[in-house]
Structures are given as structure tokens and as C-alpha cells.
Amino acid sequence: MNLMELIIPTFIDFFEWPGPLYLVLGASVGMLFGILPGLGGPQAVVLLLPLTFGLEPRLAITTLIGASGATAFSGSVTAILINTPGTAVNAATCFDGFPLARQGKAGMALGASATSSALGAIFGAIILTLVLPIGRKLVLAFSYPEYFMLAILGLSIIVVISRETLLKGFIAAILGLLFSSFGYCGITGSVRFTFGLIYLWDGIKLVPALIGLFAIAEAVDLFIGRGTIARTERFEGAITGVFEGVKSVFKHFRVFLRSAIIGTIIGIIPGVGGSVSNFIAYAHIVQSSKDKEKFGHGDIRGVIAPEAANDAKDGGALIPTLIFGIPGSIVMAVLLGALMIHGIEPGPRMMLDYPELILILIWALVFSNLFTSTVGLLLSLQLSKITLIPTTIVAPVIFVLSILGTYALNKMFADVVVVLIFGLLGFAMKRFDYPRISLVIALVLGGLAQKSFHQTIMALGIKGFIIRPISLGLLIATIVLLVFSLAKSKREGEAV
Amino acid sequence: MKKRKCFFSLIVFLIVLSLIVFAVGCQQAEKVAEEKTEVKAVEFPTKNITLVVPVVPGGGFDRCARIFAPYFEKYLPRKVTVVVENVPGASWVIGIDKVYRAKPDGHTIGIFNIPGNVVTQLVMDVKFDLNKFTWVGRIAEDIYVMAISPSSTHRTVDELIKAEKVKIATDGLASTSGLGVLITTDRMGINQHFILHDGSTESILAAVRGDAELVQYPYGSLKPYIKDSNELIPLIVFADNRLPDLPDVPTIVELGYPELLDVVKLQRLIATTPGVPEDVAQILNDAFLQTMNDPEFQHKLKEAKIDLAATGAEEAAKIIKNAVEQFTAYKPLLLEHVK
């Protein structure tokens with residue numbers, strides 16, 4: 001097998017000077033962008049793109065992959081410390097990461113996130129290498145009905161994660177679905193809820209909504225609450241906390257492994273998007289655990305699962321990108337553009353014509369994650385001290401950074417307005433105990449569900465949902481998930 | 001404790017104050033610079049030029065703009081940077097609006113998608129008028145190919161016309177590609193059944209999977225599936241002459257629809273804000289034409305699979321005028337499909 005034989009030679013090529021230099025450059029920019037709420041992988045790669053024009057393809061790929069690989073872990077830093085996902089893929093890390101920080105265990109959460117991210121990326125890269133030869137068939141197996149069923153499966157997770165407040169969870173989810181229907185729908189040609197504003201043609205964008213719901217709401221809440229983020233006197237500042245976090249990943253290795261598998265599979269499917277993988281992994285781990293009630297109150301498994309999934313998905317997402325030239329995300333689209341500027345056309349021939357480049361890319365993905373996680377581990381002790389700073393100082397900083405980050409994203413003032421409106425909504429939801437994450441899941445998946453539903457009807461008719469095995473399987477999985485969670489919560493209700 | 005709090009508040013206050021002073025200072029510095037330059041009118045460019053790309057990074061137009069920018073800046077009489085800025089949103093409208101409303105000093109230029117932007121102007125309630133822009137030139141023109149999926153039972157145009165229903169995959173019908181396939185199949189009398197997607201790659205994939213039968217896209221996008229993996233069968237080439245790559249595939253002219261040649265194509269044009277002074281427009285146009293003749297630029301464009309088809313400012317303006325006239329004729333058909 002051609003690809004396997006090249007693994008070692010490309011490894012040596014990868015470390016040929018100045019390769020590592022460009023990796024560190026890319027990863028550093030990626031880390032910075034990952035930490036700032038609003039800015040993320042897409043902005044980092046776009047910033048670096050012009051710089052790579054003059055480089056040879058090998059170094060260009062190293063720089064860009066280095067940057068995009070670094071963002072997923074960096075985004076978890078803010079998710080854990082200030083309950084604000086640094087990028088969209090870290091949203092699920094907030095559920096348990098932030099409660100850990102409140103308990104004074106920020107170091108442990110960061111350690112677990114760094115380890116889980118690095119191992120997740122390595123897992124994704126291994127699967128990518130193994131699956132590439134048959135990746136084509138995998139991608140083609142998923143069509144409109146499968147996309148729809150995945151979206152429905154994702155939505156059903158709302159039931160799992162809002163066990164205690166099911167009704168409020170539904171209300172939040174319906175609100176999210178309503179927001180996801182805003183704007184111009186290319187499939188039906190209809191324009192909804194734009195209130196005469198051209199800005200709303202694109203609907204409610206995920207990033208400003210996320211920043212508002214989490215960062216702004218959190219900043220306001222922290223400011224009112226006073227005190228420090230770590231609510232306990234017992235701050236585990238010592239290096240042992242971080243080390244314990246590292247160890248926890250190995251202690252819960254099955255949790256890690258299952259999440260990484262979920263992340264990789266979701267990454268492979270084009271059009272579903274990486275922002276879903278962390279939710280599905282989290283929900284799966286909660287659902288399959290015996291002691292569900294611990295989640296949401298600072299369970300380390302709740303940090304391991306989403307971080308493993310969101311880093312493993314990069315490996316998966318490269319499969320459709322390289323084999324079909326179909327980008328699964330903006331980061332992948334920019335990478336495709338960079339490849340084409342260098343005269344390399346992703347597509348059916350890529351595997352045959354440029355196997356070395358594919359492997360260099362995989363190495364870059366692995367080492368960018370290793371580098372970021374190492375830096376993260378080294379800094380985590382210092383970073384976790386943020387939770388000891390009085391919130392009256394932290395909150396304004398979060399506020400300003402969030403607004404600046406949003407504006408920097410597209411330089412559109414309307415985005416800032418969306419952030420403020422969602423900030424208000426998020427604060428109200430937090431105060432009255434409505435799960436914000438249900439709203440986010442519905443907002444992310446509503447569009448996909450709607451689009452793929454129409455496409456299924458157009459292409460296959462209503463029977464399309466049940467005549468295809470994968471689609472039917474996903475449907476059954478959804479029903480089983482729902483029946484079990486509802487039965488269980490009923491039983492628990494009776495027991496109480 | 002209280003003392004400490006006061007101290008912190010003071011620091012925060014000082015930081016905010018210094019930021020404000022800094023911001024105001026910056027603004028004034030800019031103003032002074034602008035006033036200075038207004039004395040000599042012909043000096044251009046006096047600051048960095050913004051090249052607006054009205055779509056998200058990564059696509060063909062973004063690629064084209066990013067290849068164009070560094071060469072264009074090389075041929076400008078004064079040393080400035082051409083900064084590519086992605087302003088996506090509302091199917092190009094937000095980015096185009098930005099160029100339209102910019103100060104008419106030539107420091108804001110944009111890349112345009114014709115005929116897609118013409119259709120947007122016709123069916124959407126937009127504030128700009130494409131005919132009013134100061135056109136700089138055309139960079140490229142892509143040749144379209146109609147292809148069918150091997151899973152379809154049809155193999156020729158005649159069979160498609162006779163078929164009861166042909167599943168066509170495309171992105172929004174108001175896009176350049178969507179409109180092209182809408183008009184083509186309408187003119188041929190094919191019973192259309194559209195399956196719509198968010199982007200061209202998604203709809204091409206639908207045809208590769210066999211969920212759709214017919215696609216019509218620029219040859220560059222379809223080539224990997226036609227030449228390399230035989231997952232799509234080419235049917236028609238939208239050009240005057242057959243492509244050297246596809247010698248057995250008839251052109252649309254041979255099939256007797258030469259009028260479709262003007263409609264089914266994708267052009268990449270550069271324009272600046274309406275009302276830019278003539279001498280400034282001339283400088284932009286000269287630099288543009290020099291860029292088009294740069295062998296290194298031509299090579300880069302070719303590597304990125306974009307077909308160079310350079311024209312100057314006058315012809316570009318004519319292309320726009322013709323396109324607006326032509327598509328106005330198709331407006332009833334358009335409105336029937338695009339709300």
C-alpha cells in the first residue's frame with residue numbers, strides 16, 4: 001500500500017527545517033484566535049493564507065493545518081475558565097468544565113482537556129490514514145435522508161441533557177428552532193423573519209448568538225455575583241491538579257475512545273459540521289453512564305468527551321475535503337483554496353498524485369495538537385489563576401473582548417447588536433434556569449434538518465426516510481434514545 | 001480590602017481612558033493624512049486599496065481575488081497594499097453594497113460574479129445599480145458543461161427532452177449556475193425537477209451519488225469527475241468550439257441553441273465605486289491591464305483552474321449593459337421560480 005509505505009519518509013520530510021518553524025507559527029496564531037471568543041479557526045487560516053502563497057505547498061499546508069488544529073483545544077480554555085466557548089466546537093465543554101472551575105478545579109479540567117484534545121486528534125489522524133483508501137464509499141453512503149436523521153438524532157439529545165427541566169428544555173429548543181428558520185432559505189426560495197433587514201437574509205449567525213448567550217450573559221452574571229469564579233476556599237492550584245486531569249483521561253479511556261469515534265464519524269459526513277460532534281459525544285456519554293446526575297455539576301468525563309470529539313473530527317473532516325474537494329467547514333474551504341492556488345486539485349486523483357502531501361498534512365495535524373496541548377499544560381497553572389481574580393475585573397474584560405471579537409469577525413455592527421440581544425436573552429435564561437444549550441443545539445441543527453428534509457422530499461419522496469438502511473438505523477436509534485430517557489426519567493420521578 | 005478595590009477601579013479607569021485617547025488620536029492622524037492628499041488630486045493611490053470579495057473565503061472568487069491582489073498592487077504607480085476583504089452575506093448584496101457606497105476615490109474595489117449579480121439585482125430589492133459602477137475590467141470567463149449521472153437512464157439530449165421528469169441538481173436558482181441550467185432546460189423543453197443545494201460542490205456530489213441526474217457547472221468544477229473518475233458523463237459544452245479535452249462532446253451551437261452561449265457562462269469582473277474621477281479610473285485600468293499581461297499572474301491563474309479572459313474597462317461596462325438587458329427578458333421566467 002502506497003500510503004503506508006510513505007508514513008516514515010514523510011515524517012522525516014515534515015521535520016526538515018523550516019517545517020517545524022511554520023508549524024509553531026501556525027499553531028501560535030491558531031491558539032491566540034482560539035482563545036479569543038468570536039475569532040476561531042476560519043479567521044486564523046484566512047489571516048495566514050496570503051503568507052502561504054510564496055511558500056512551497058508542503059510548508060503552506062503545515063502552517064494552515066497548524067493553525068486550524070490549534071483552535072479546538074484553545075477554545076476550551078475559555079469554555080472552562082469563564083463559561084464562554086472560544087470557538088463554536090467547544091460549546092459542550094462548558095457544561096462540566098465551568099462547574100469544575102467554580103469548584104476550584106480549573107487546573108484539572110484544563111489538564112483533561114489538553115490530553116483529551118491531543119489524543120483525540122491523534123486518533124482522528126490514524127483513522128484518516130486508514131480510511132482514506134475507502135473514504136469515497138463512506139462519503140457517498142450519506143445522502144439527504146441520512147443528514148436529516150442525524151439532525152433529528154442531535155435534536156433528541158435535548159431530552160437527554162435537560163432531564164431535570166424537560167419542559168424548560170423544550171421551550172428553549174423551540175426558541176432555537178424558531179431562530180434557525182430566520183433568513184433566506186435557498187432550498188424553498190422563501191424569505192422568513194427578516195423584518196426588512198438585508199442583514200437577516202443570512203439568518204441568525206451562530207457565532208454572535210453563542211457569544212451573546214454565553215460570554216455576555218456570563219459577564220453580566222459574574223459582575224452582579226461579585227466574588228471570584230472559583231467559589232471555594234480550596235483552590236487546587238498545585239501541579240497535582242493538572243496532573244490529575246491528565247490521568248483522568250486514561251482512567252476514563254473508554255469514554256475518550258467512544259467520543260473520539262463519534263467525532264471522527266461526524267467529521268467524515270460533509271454538511272453536518274463539526275459544531276455538532278461535541279454535543280453528540282457529550283450526550284452519548286451522559287446517556288450511557290449509570291450516574292447521570294453527576295453531569296452538569298463538574299464531572300471530568302463531561303470535559304473529556306466533547307474535547308476528544310471536536311479534535312478527532314478534524315481527521316474525519318479531511319476525508320471529504322481531500323477525496324471530493326468538498327469542504328466540511330470554512331477552515332476546510334480555505335485549505336482547499338490554498339491547495340488550488342498551489343495547483344493541487346483535491347478530488348479523486350489527489351490520493352494518487354500527492355500521497356506525500358496528504359501525509360504531511362496528517363503529521364501537521366498531529367503535531368499542531370501535540371504542541372498546543374503541551375503549551376496548554378505548561379500554562380494551565382497560570383491560566384487557572386484567572387478564576388481567583390475578582391469578577392468585577394474579569395467581567396468587563398470578557399465583555400469588551402467579546403464585543404471586539406464579534407466586530408472583528410465580519411466588521412459588521414449588526415453582529416454586535418445580535419450579540420447584545422442574545423446576551424440579554426442568555427442572561428434571562430440563566431436567571432430563570434432555562435438550558436441555553438438546548439437553544440444552541442436547536443439553532444445549529446434546525447437549518448440542517450429543514451434543508452435535508454426538503455431535499456429528501458424533492459429527490460426521493462417521503463419514503464426516502466425509511467427505505468435506506470443507514471437512515472432507518474438512525475431513526476431507530478433516535479426512537480430508542482428517546483424511549484429510554486423518558487422511561488428512565490419517569491422511573492426516577494416515581495422513585496422520588 | 002476596600003483600598004484594594006479602589007486601586008483596581010483606578011487601574012481599569014486609566015486603561016479605558018488611555019484607550020479612548022489612543023483611538024481619538026488615531027482618528028485625527030488619519031484625518032490629517034487625508035487632508036494633505038486632497039491638495040493634489042491626481043496622486044493615486046494614497047492609501048491601501050481594499051478589494052472586497054462578497055463571499056466567504058475559500059471559493060473560486062476568493063481564490064481569483066487573492067491571486068489578483070499582489071500583482072495588481074505591483075503595477076499601481078505608488079506603493080500601497082491591496083487588502084483582500086471578505087464581506088459575505090445575502091447572496092453578494094452586502095459586499096456589493098460596500099463597494100457601491102464607498103467614498104468614490106477608487107480605494108475600494110470589488111470582484112463581481114456575472115450574470116449572478118445581475119439576477120440578484122433583478123429579483124431582489126437592492127439599492128445598487130450594476131450599470132452605475134465604474135468598471136475596471138474582466139479577469140476570467142468560465143466555460144460551462146452539462147453532464148449526466150451514469151445512474152440516469154438517459155444518455156442524449158433527445159432522451160432528456162422526451163423524459164417524463166429529469167432530476168436536476170443545482171444551487172439556488174438565482175445563482176449564475178442555477179439560472180443557466182434553468183434557462184437551458186426551459187429552452188430545450190426538458191421536464192425539470194429541481195433539487196436545490198447550498199453550494200455547487202454539494203449538488204455535484206448529488207449527481208455523483210446518483211440522487212440527481214443532471215448537473216451544469218463550469219468545466220473546471222466537473223473535470224475531476226468527468227476525466228479522472230468517470231462518475232459523470234459530459235453532454236454539452238457551452239462554447240463556440242469543442243474543448244480539446246472533450247473532443248467528442250458537442251457544443252451548444254452545434255445543437256442549435258447559439259443564443260444560450262451568452263447566458264450560460266460565469267464571468268469574474270472588477271469594478272470600483274460609481275463616480276470615481278476619470279484619471280483615477282484610468283490609473284486602475286492601466287494597472288489592471290498590465291496585471292492581465294503578467295506571465296506569472298497568468299500562470300498562477302491557470303494553476304488555480306481559472307480561465308483567463310481579460311478585457312478592459314469599456315468592454316467590461318458593455319458586458320454588464322448587455323447582461324442586464326438580456327436577463328430582463330428572462331425576468332418572468334425567473335420570478336416564476338425565484339420568489
# chains A, B, ... in the order shown; residues from 1 in each chain; ligands from 1
$ interface_residues --of "chain B" --to "chain A" --cutoff "9 Å" --atoms "only C-alpha atoms" --output "ChimeraX atom specification"
/B:8-9,12,56-60,62-64,66-67,86-91,93-94,126,167,171-173,193-198,201-202,205-206,208-209,211-212,224-225,228-229,300-305,337-339
$ closest_residue --among "B:Gln298, B:Val80, B:Leu261, B:Ala163" --to "His107 (chain B)" --atoms "only C-alpha atoms"
B:Val80
$ residues_around --residues "Ala101 (chain A)" --least-positions-apart "6" --cutoff "8 Å" --atoms "only C-alpha atoms" --output "PyMOL selection string"
chain A and resi 80-81+107+109+229-230+384+387
$ write_last_selection --atoms "N, CA and C atoms" --output "short mmCIF file (atom, residue, chain, number, x, y, z; two decimals), in the first residue's frame"
data_model
loop_
_atom_site.label_atom_id
_atom_site.label_comp_id
_atom_site.auth_asym_id
_atom_site.auth_seq_id
_atom_site.Cartn_x
_atom_site.Cartn_y
_atom_site.Cartn_z
N ILE A 80 -13.82 26.53 29.86
CA ILE A 80 -13.65 26.04 31.22
C ILE A 80 -13.56 27.21 32.21
N LEU A 81 -12.73 28.20 31.89
CA LEU A 81 -12.43 29.24 32.86
C LEU A 81 -13.56 30.25 33.02
N GLY A 107 -7.54 23.68 36.99
CA GLY A 107 -6.32 23.02 36.53
C GLY A 107 -6.59 21.62 36.05
N ALA A 109 -9.46 20.41 34.99
CA ALA A 109 -10.25 20.44 33.75
C ALA A 109 -9.37 20.77 32.55
N ILE A 229 -14.45 33.54 40.42
CA ILE A 229 -15.08 32.42 39.71
C ILE A 229 -14.98 31.15 40.56
N ALA A 230 -13.79 30.89 41.08
CA ALA A 230 -13.64 29.74 41.96
C ALA A 230 -14.33 30.06 43.28
N SER A 384 -5.29 28.95 35.18
CA SER A 384 -6.37 28.65 36.11
C SER A 384 -6.47 29.70 37.22
N THR A 387 -9.38 32.27 37.65
CA THR A 387 -10.58 32.04 38.45
C THR A 387 -10.45 32.63 39.85
#
$ decode --residues "region 267-295 of chain B" --atoms "N, CA, C and O atoms" --output "tab-separated table (two decimals), in the first residue's frame"
chain	number	residue	atom	x	y	z
B	267	GLN	N	-18.60	34.95	-15.39
B	267	GLN	CA	-17.55	35.93	-15.63
B	267	GLN	C	-17.13	36.58	-14.32
B	267	GLN	O	-17.97	36.84	-13.46
B	268	ARG	N	-15.84	36.83	-14.19
B	268	ARG	CA	-15.31	37.47	-12.99
B	268	ARG	C	-14.80	38.86	-13.37
B	268	ARG	O	-13.84	38.96	-14.13
B	269	LEU	N	-15.47	39.88	-12.85
B	269	LEU	CA	-15.13	41.26	-13.21
B	269	LEU	C	-14.68	42.05	-11.99
B	269	LEU	O	-15.03	41.71	-10.86
B	270	ILE	N	-13.94	43.11	-12.27
B	270	ILE	CA	-13.51	44.01	-11.19
B	270	ILE	C	-14.13	45.39	-11.45
B	270	ILE	O	-14.14	45.86	-12.59
B	271	ALA	N	-14.65	46.01	-10.39
B	271	ALA	CA	-15.20	47.36	-10.53
B	271	ALA	C	-14.88	48.16	-9.29
B	271	ALA	O	-14.54	47.59	-8.24
B	272	THR	N	-15.02	49.47	-9.41
B	272	THR	CA	-14.88	50.33	-8.23
B	272	THR	C	-16.15	51.17	-8.09
B	272	THR	O	-17.07	51.05	-8.90
B	273	THR	N	-16.17	51.97	-7.05
B	273	THR	CA	-17.35	52.76	-6.70
B	273	THR	C	-17.81	53.65	-7.86
B	273	THR	O	-16.98	54.16	-8.60
B	274	PRO	N	-19.14	53.85	-8.05
B	274	PRO	CA	-19.63	54.78	-9.07
B	274	PRO	C	-19.09	56.19	-8.81
B	274	PRO	O	-18.92	56.58	-7.66
B	275	GLY	N	-18.82	56.90	-9.88
B	275	GLY	CA	-18.43	58.28	-9.75
B	275	GLY	C	-16.96	58.51	-9.40
B	275	GLY	O	-16.59	59.59	-8.96
B	276	VAL	N	-16.13	57.52	-9.61
B	276	VAL	CA	-14.69	57.72	-9.39
B	276	VAL	C	-14.16	58.63	-10.49
B	276	VAL	O	-14.51	58.46	-11.66
B	277	PRO	N	-13.32	59.64	-10.16
B	277	PRO	CA	-12.79	60.56	-11.18
B	277	PRO	C	-12.10	59.79	-12.31
B	277	PRO	O	-11.49	58.75	-12.09
B	278	GLU	N	-12.20	60.35	-13.52
B	278	GLU	CA	-11.72	59.64	-14.70
B	278	GLU	C	-10.24	59.31	-14.64
B	278	GLU	O	-9.82	58.23	-15.04
B	279	ASP	N	-9.43	60.26	-14.13
B	279	ASP	CA	-7.98	59.99	-14.11
B	279	ASP	C	-7.64	58.84	-13.17
B	279	ASP	O	-6.74	58.06	-13.44
B	280	VAL	N	-8.38	58.75	-12.06
B	280	VAL	CA	-8.16	57.64	-11.13
B	280	VAL	C	-8.57	56.32	-11.78
B	280	VAL	O	-7.85	55.33	-11.72
B	281	ALA	N	-9.74	56.33	-12.45
B	281	ALA	CA	-10.21	55.12	-13.14
B	281	ALA	C	-9.19	54.67	-14.17
B	281	ALA	O	-8.95	53.47	-14.36
B	282	GLN	N	-8.56	55.67	-14.83
B	282	GLN	CA	-7.57	55.34	-15.85
B	282	GLN	C	-6.36	54.63	-15.23
B	282	GLN	O	-5.86	53.64	-15.77
B	283	ILE	N	-5.92	55.13	-14.05
B	283	ILE	CA	-4.78	54.51	-13.37
B	283	ILE	C	-5.12	53.06	-13.01
B	283	ILE	O	-4.33	52.14	-13.24
B	284	LEU	N	-6.34	52.85	-12.48
B	284	LEU	CA	-6.76	51.50	-12.11
B	284	LEU	C	-6.79	50.59	-13.34
B	284	LEU	O	-6.33	49.46	-13.32
B	285	ASN	N	-7.34	51.14	-14.43
B	285	ASN	CA	-7.47	50.35	-15.64
B	285	ASN	C	-6.10	49.96	-16.22
B	285	ASN	O	-5.89	48.82	-16.63
B	286	ASP	N	-5.17	50.92	-16.21
B	286	ASP	CA	-3.81	50.62	-16.72
B	286	ASP	C	-3.17	49.52	-15.90
B	286	ASP	O	-2.60	48.57	-16.46
B	287	ALA	N	-3.27	49.66	-14.57
B	287	ALA	CA	-2.65	48.64	-13.70
B	287	ALA	C	-3.32	47.28	-13.93
B	287	ALA	O	-2.66	46.25	-13.95
B	288	PHE	N	-4.64	47.32	-14.14
B	288	PHE	CA	-5.38	46.08	-14.38
B	288	PHE	C	-4.88	45.38	-15.64
B	288	PHE	O	-4.57	44.18	-15.63
B	289	LEU	N	-4.75	46.14	-16.73
B	289	LEU	CA	-4.33	45.53	-17.99
B	289	LEU	C	-2.91	45.00	-17.91
B	289	LEU	O	-2.60	43.94	-18.44
B	290	GLN	N	-2.05	45.73	-17.19
B	290	GLN	CA	-0.67	45.25	-17.01
B	290	GLN	C	-0.65	43.94	-16.22
B	290	GLN	O	0.10	43.03	-16.53
B	291	THR	N	-1.54	43.88	-15.21
B	291	THR	CA	-1.63	42.66	-14.42
B	291	THR	C	-2.02	41.48	-15.31
B	291	THR	O	-1.44	40.40	-15.23
B	292	MET	N	-3.01	41.74	-16.18
B	292	MET	CA	-3.52	40.67	-17.05
B	292	MET	C	-2.44	40.14	-17.98
B	292	MET	O	-2.47	38.99	-18.40
B	293	ASN	N	-1.47	41.01	-18.31
B	293	ASN	CA	-0.42	40.60	-19.24
B	293	ASN	C	0.80	40.00	-18.54
B	293	ASN	O	1.73	39.56	-19.19
B	294	ASP	N	0.78	39.99	-17.21
B	294	ASP	CA	1.91	39.46	-16.46
B	294	ASP	C	1.95	37.93	-16.58
B	294	ASP	O	1.00	37.25	-16.21
B	295	PRO	N	3.03	37.39	-17.15
B	295	PRO	CA	3.06	35.93	-17.36
B	295	PRO	C	2.96	35.14	-16.06
B	295	PRO	O	2.35	34.07	-16.03
